[in-house]
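Written below as structure tokens is the structure these notes are about.
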Amino acid sequence: MNGVPEYILKVDKLITSFETDRGLLRAVDQVSFTVTEGKTVGIVGESGCGKSVTAMSIIRLLPQPAGRILGGHVYFKGRDLLRATDSEIRKVRGGDIGVIFQEPMSALNPVHRIGRQISEVFRLHKKISKSDAWDAATEMLKLVRIPAPEKRMMDYPHHLSGGMRQRIVIALALACRPSLVIADEPTTALDVTVQAQILDLMERLQSEMKMSIILITHDLGVIAETCDEVVVMYAGRVVERASAEELFAHPLHAYTRGLLHSIPTLETPSKSILRTIPGMVASLADHTPGCRFCQRMGRSSAGSRERPGFAEVSPGHWVETCPECYKP
């Protein structure tokens with residue numbers, strides 16, 4: 001490809017920590033993955049596994065002053081975002097990289113009208129006039145299929161339903177037609193019908209705009225329906241990474257299999273008790289240097305001082321090779 005990388009984003013051994021009363025604690029521990037142009041990569045795992053912190057580290061939007069990126073690289077279109085200046089990263093954030101936040105009411109300013117919030121994106125990144133920005137914002141509302149967009153431009157966030165607010169957040173993220181969109185649990189607070197509408201909307205817009213997506217979720221059904229590649233995170237680490245088809249057909253890590261076994265299938269008898277993974281994700285202060293899933297399960301290898309290797313066991317299929325958790 002004449003030296004041009006196949007990926008639009010490459011995260012390489014990313015380390016993110018937080019300053020706490022108990023010292024500097026790692027929330028993201030040498031996470032690596034790539035995103036190919038035009039594809040969707042799903043990051044899946046339980047709450048507290050580091051999915052959102054990984055995403056916010058990519059665009060350097062961590063809580064300050066506690067959050068710190070201590071190591072690694074984040075290459076976007078071949079450029080390391082972790083070495084960019086503050087002004088440079090602000091141009092990328094919201095311009096080349098859009099973000100769909102988990103909770104629309106937190107992402108939207110409650111005291112400003114919808115039109116002002118969307119048109120502001122165009123004025124910041126496109127440097128166009130106020131009237132042109134207003135017209136562009138109205139077109140974005142049409143693009144995300146909000147009825148009566150001219151009227152909605154004058155509304156405040158609290159005037160809209162949850163599904164409508166999420167469409168507004170999507171419009172904000174896509175305003176500058178970014179190359180990459182980070183969607184952090186975009187359907188968590190929505191009912192099943194609206195969730196399906198939002199996912200269909202994102203898929204249609206991705207096809208039209210030729211953008212890549214990082215989809216963060218704990219819903220394996222959403223992963224199976226929308227993603228090309230899957231990154232499984234546990235306790236701040238990637239434990240398995242593969243194409244969606246390969247991962248669902250041949251899960252190799254015990255944690256991945258536990259997640260898959262916990263969701264019902266068409267063959268699951270009515271009113272049966274679903275399987276669960278025993279225990280909980282350890283707190284950051286209690287993470288073992290060895291296999292962290294063994295730590296949860298109370299296995300002897302949890303006391304190991306050595307981190308399990310991360311190996312490509314078949315083409316494109318990577319897994320943390322703890323002898324207790326990795327079952328080929």
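Chain labels follow the order of the structure tokens: the first chain is A, the next B, and so on; residue numbering restarts at 1 in every chain, and ligands are counted from 1 in their shown order.
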
Determine which residues of segment 226-260 of chain A receive a DSSP assignment of strand (DSSP E), computed from the backbone, and state them as a short mmCIF file (atom, residue, chain, number, x, y, z; two decimals) with N, CA, C and O atoms, in the first residue's frame.
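So out_12.cif came out as:
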```cif
data_model
loop_
_atom_site.label_atom_id
_atom_site.label_comp_id
_atom_site.auth_asym_id
_atom_site.auth_seq_id
_atom_site.Cartn_x
_atom_site.Cartn_y
_atom_site.Cartn_z
N GLU A 229 -14.62 -6.43 14.31
CA GLU A 229 -13.59 -6.95 15.20
C GLU A 229 -14.05 -6.75 16.65
O GLU A 229 -14.84 -5.85 16.93
N VAL A 230 -13.53 -7.59 17.55
CA VAL A 230 -13.91 -7.50 18.95
C VAL A 230 -12.66 -7.51 19.83
O VAL A 230 -11.76 -8.33 19.63
N VAL A 231 -12.63 -6.59 20.80
CA VAL A 231 -11.58 -6.54 21.81
C VAL A 231 -12.24 -6.83 23.16
O VAL A 231 -13.13 -6.08 23.58
N VAL A 232 -11.84 -7.91 23.81
CA VAL A 232 -12.40 -8.28 25.12
C VAL A 232 -11.45 -7.80 26.20
O VAL A 232 -10.28 -8.19 26.23
N MET A 233 -11.96 -6.91 27.08
CA MET A 233 -11.13 -6.37 28.15
C MET A 233 -11.57 -6.92 29.50
O MET A 233 -12.76 -7.10 29.76
N TYR A 234 -10.56 -7.18 30.34
CA TYR A 234 -10.85 -7.57 31.72
C TYR A 234 -9.81 -6.93 32.63
O TYR A 234 -8.60 -7.09 32.41
N ARG A 237 -6.95 -4.95 31.06
CA ARG A 237 -6.13 -5.61 30.05
C ARG A 237 -6.99 -6.19 28.94
O ARG A 237 -8.16 -6.52 29.16
N VAL A 238 -6.39 -6.35 27.76
CA VAL A 238 -7.04 -7.08 26.67
C VAL A 238 -6.73 -8.56 26.87
O VAL A 238 -5.56 -8.96 26.91
N VAL A 239 -7.77 -9.39 27.02
CA VAL A 239 -7.55 -10.83 27.21
C VAL A 239 -7.79 -11.62 25.93
O VAL A 239 -7.32 -12.75 25.81
N GLU A 240 -8.54 -11.02 24.99
CA GLU A 240 -8.76 -11.71 23.71
C GLU A 240 -9.15 -10.69 22.66
O GLU A 240 -9.82 -9.68 22.95
N ARG A 241 -8.69 -10.94 21.43
CA ARG A 241 -8.97 -10.03 20.32
C ARG A 241 -9.07 -10.83 19.04
O ARG A 241 -8.18 -11.64 18.72
N ALA A 242 -10.16 -10.66 18.30
CA ALA A 242 -10.37 -11.44 17.07
C ALA A 242 -11.48 -10.80 16.26
O ALA A 242 -12.15 -9.87 16.71
N SER A 243 -11.71 -11.33 15.06
CA SER A 243 -12.88 -10.91 14.30
C SER A 243 -14.13 -11.37 15.05
O SER A 243 -14.08 -12.34 15.82
#
```

d(atom CA of Gly78 of chain A, atom CA of Val11 of chain A) in Å: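 Distance reported for this atom pair: 11.0 Å.
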
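When only C-alpha atoms are used to compute distances to Lys51 of chain A, the closest of the residues A:Gly236, A:Pro328, A:Pro251, A:Gly279 turns out to be A:Gly236.
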
Which residue out of A:Cys291, A:Ile114, A:Ala137, A:Ile168 has the minimum interatomic distance to Phe101 of chain A when only C-alpha atoms are used? A:Ile168

Which residue of A:Pro149, A:Pro323, A:Gly290, A:Gly221 approaches His253 of chain A most closely, using only C-alpha atoms: A:Pro323

Mind checking which residues fall within 12 Å of segment 293-302 of chain A, counting only C-alpha atoms, ignoring those fewer than 3 positions away in the same chain, and posting them as a PyMOL selection string? chain A and resi 49+233-239+253-256+258+277-283+286-290+305-308+320-326

For the selection just defined, write its residues with C-alpha atoms to a file, as a compact mmCIF listing (two decimals), in the first residue's frame.
```
# COMPACT_ATOMS: atom_id res chain seq x y z
CA CYS A 49 -12.70 -3.25 33.05
CA MET A 233 -11.13 -6.37 28.15
CA TYR A 234 -10.85 -7.57 31.72
CA ALA A 235 -9.40 -5.61 34.66
CA GLY A 236 -7.63 -3.08 32.46
CA ARG A 237 -6.13 -5.61 30.05
CA VAL A 238 -7.04 -7.08 26.67
CA VAL A 239 -7.55 -10.83 27.21
CA HIS A 253 -10.20 -17.31 26.98
CA ALA A 254 -12.21 -18.39 30.02
CA TYR A 255 -13.50 -14.85 30.55
CA THR A 256 -14.77 -14.57 26.97
CA GLY A 258 -18.05 -16.80 30.58
CA ILE A 277 -19.36 -15.46 36.27
CA PRO A 278 -18.64 -15.87 40.00
CA GLY A 279 -17.12 -12.97 41.93
CA MET A 280 -16.44 -9.41 40.81
CA VAL A 281 -13.76 -7.42 39.02
CA ALA A 282 -11.07 -6.54 41.58
CA SER A 283 -10.57 -2.88 42.46
CA ASP A 286 -6.06 -4.99 44.41
CA HIS A 287 -5.01 -6.02 40.89
CA THR A 288 -2.51 -8.87 40.78
CA PRO A 289 0.51 -8.70 38.44
CA GLY A 290 -0.36 -12.23 37.29
CA ARG A 305 4.39 -12.30 39.60
CA GLU A 306 4.50 -12.83 35.84
CA ARG A 307 1.89 -11.41 33.50
CA PRO A 308 0.62 -14.02 31.01
CA GLU A 320 -3.78 -13.94 26.82
CA THR A 321 -2.11 -17.31 27.26
CA CYS A 322 -2.63 -18.04 30.95
CA PRO A 323 -2.42 -21.86 31.26
CA GLU A 324 -5.52 -21.88 33.46
CA CYS A 325 -7.67 -19.58 31.31
CA TYR A 326 -6.54 -20.29 27.75
```

If you count only C-alpha atoms, which residues fall within 9 Å of Pro65 of chain A, apart from same-chain ones fewer than 3 positions away, as a list in words?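 Listing them by chain and then by number gives Phe18, Glu19, Leu62 and Arg68 of chain A.
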
Print the selection's residues with all heavy atoms to a file, as a PDB file, in the first residue's frame.
```pdb
ATOM      1  N   PHE A  18      -4.530   6.581  37.495  1.00  0.00           N
ATOM      2  CA  PHE A  18      -5.201   7.644  38.246  1.00  0.00           C
ATOM      3  C   PHE A  18      -4.503   7.831  39.587  1.00  0.00           C
ATOM      4  O   PHE A  18      -4.165   6.838  40.250  1.00  0.00           O
ATOM      5  CB  PHE A  18      -6.671   7.318  38.467  1.00  0.00           C
ATOM      6  CG  PHE A  18      -7.503   7.387  37.220  1.00  0.00           C
ATOM      7  CD1 PHE A  18      -7.765   6.259  36.469  1.00  0.00           C
ATOM      8  CD2 PHE A  18      -8.009   8.601  36.783  1.00  0.00           C
ATOM      9  CE1 PHE A  18      -8.518   6.315  35.310  1.00  0.00           C
ATOM     10  CE2 PHE A  18      -8.772   8.683  35.619  1.00  0.00           C
ATOM     11  CZ  PHE A  18      -9.019   7.541  34.885  1.00  0.00           C
ATOM     12  N   GLU A  19      -4.301   9.084  39.949  1.00  0.00           N
ATOM     13  CA  GLU A  19      -3.718   9.411  41.250  1.00  0.00           C
ATOM     14  C   GLU A  19      -4.812   9.309  42.308  1.00  0.00           C
ATOM     15  O   GLU A  19      -5.856   9.965  42.201  1.00  0.00           O
ATOM     16  CB  GLU A  19      -3.145  10.828  41.220  1.00  0.00           C
ATOM     17  CG  GLU A  19      -2.367  11.190  42.474  1.00  0.00           C
ATOM     18  CD  GLU A  19      -1.073  10.409  42.600  1.00  0.00           C
ATOM     19  OE1 GLU A  19      -0.235  10.465  41.685  1.00  0.00           O
ATOM     20  OE2 GLU A  19      -0.924   9.712  43.636  1.00  0.00           O
ATOM     21  N   LEU A  62      -9.331  12.701  29.786  1.00  0.00           N
ATOM     22  CA  LEU A  62      -9.374  12.089  31.116  1.00  0.00           C
ATOM     23  C   LEU A  62      -9.667  13.137  32.189  1.00  0.00           C
ATOM     24  O   LEU A  62      -9.363  14.318  32.006  1.00  0.00           O
ATOM     25  CB  LEU A  62      -8.037  11.411  31.424  1.00  0.00           C
ATOM     26  CG  LEU A  62      -7.657  10.225  30.549  1.00  0.00           C
ATOM     27  CD1 LEU A  62      -6.199   9.851  30.792  1.00  0.00           C
ATOM     28  CD2 LEU A  62      -8.555   9.030  30.830  1.00  0.00           C
ATOM     29  N   ARG A  68      -3.789  10.222  34.219  1.00  0.00           N
ATOM     30  CA  ARG A  68      -2.491  10.390  33.563  1.00  0.00           C
ATOM     31  C   ARG A  68      -2.245   9.246  32.582  1.00  0.00           C
ATOM     32  O   ARG A  68      -2.505   8.085  32.898  1.00  0.00           O
ATOM     33  CB  ARG A  68      -1.351  10.391  34.584  1.00  0.00           C
ATOM     34  CG  ARG A  68      -1.419  11.469  35.642  1.00  0.00           C
ATOM     35  CD  ARG A  68      -0.184  11.407  36.529  1.00  0.00           C
ATOM     36  NE  ARG A  68      -0.305  12.251  37.690  1.00  0.00           N
ATOM     37  CZ  ARG A  68       0.598  12.305  38.666  1.00  0.00           C
ATOM     38  NH1 ARG A  68       1.695  11.544  38.585  1.00  0.00           N
ATOM     39  NH2 ARG A  68       0.433  13.098  39.704  1.00  0.00           N
TER      40      ARG A  68
END
```
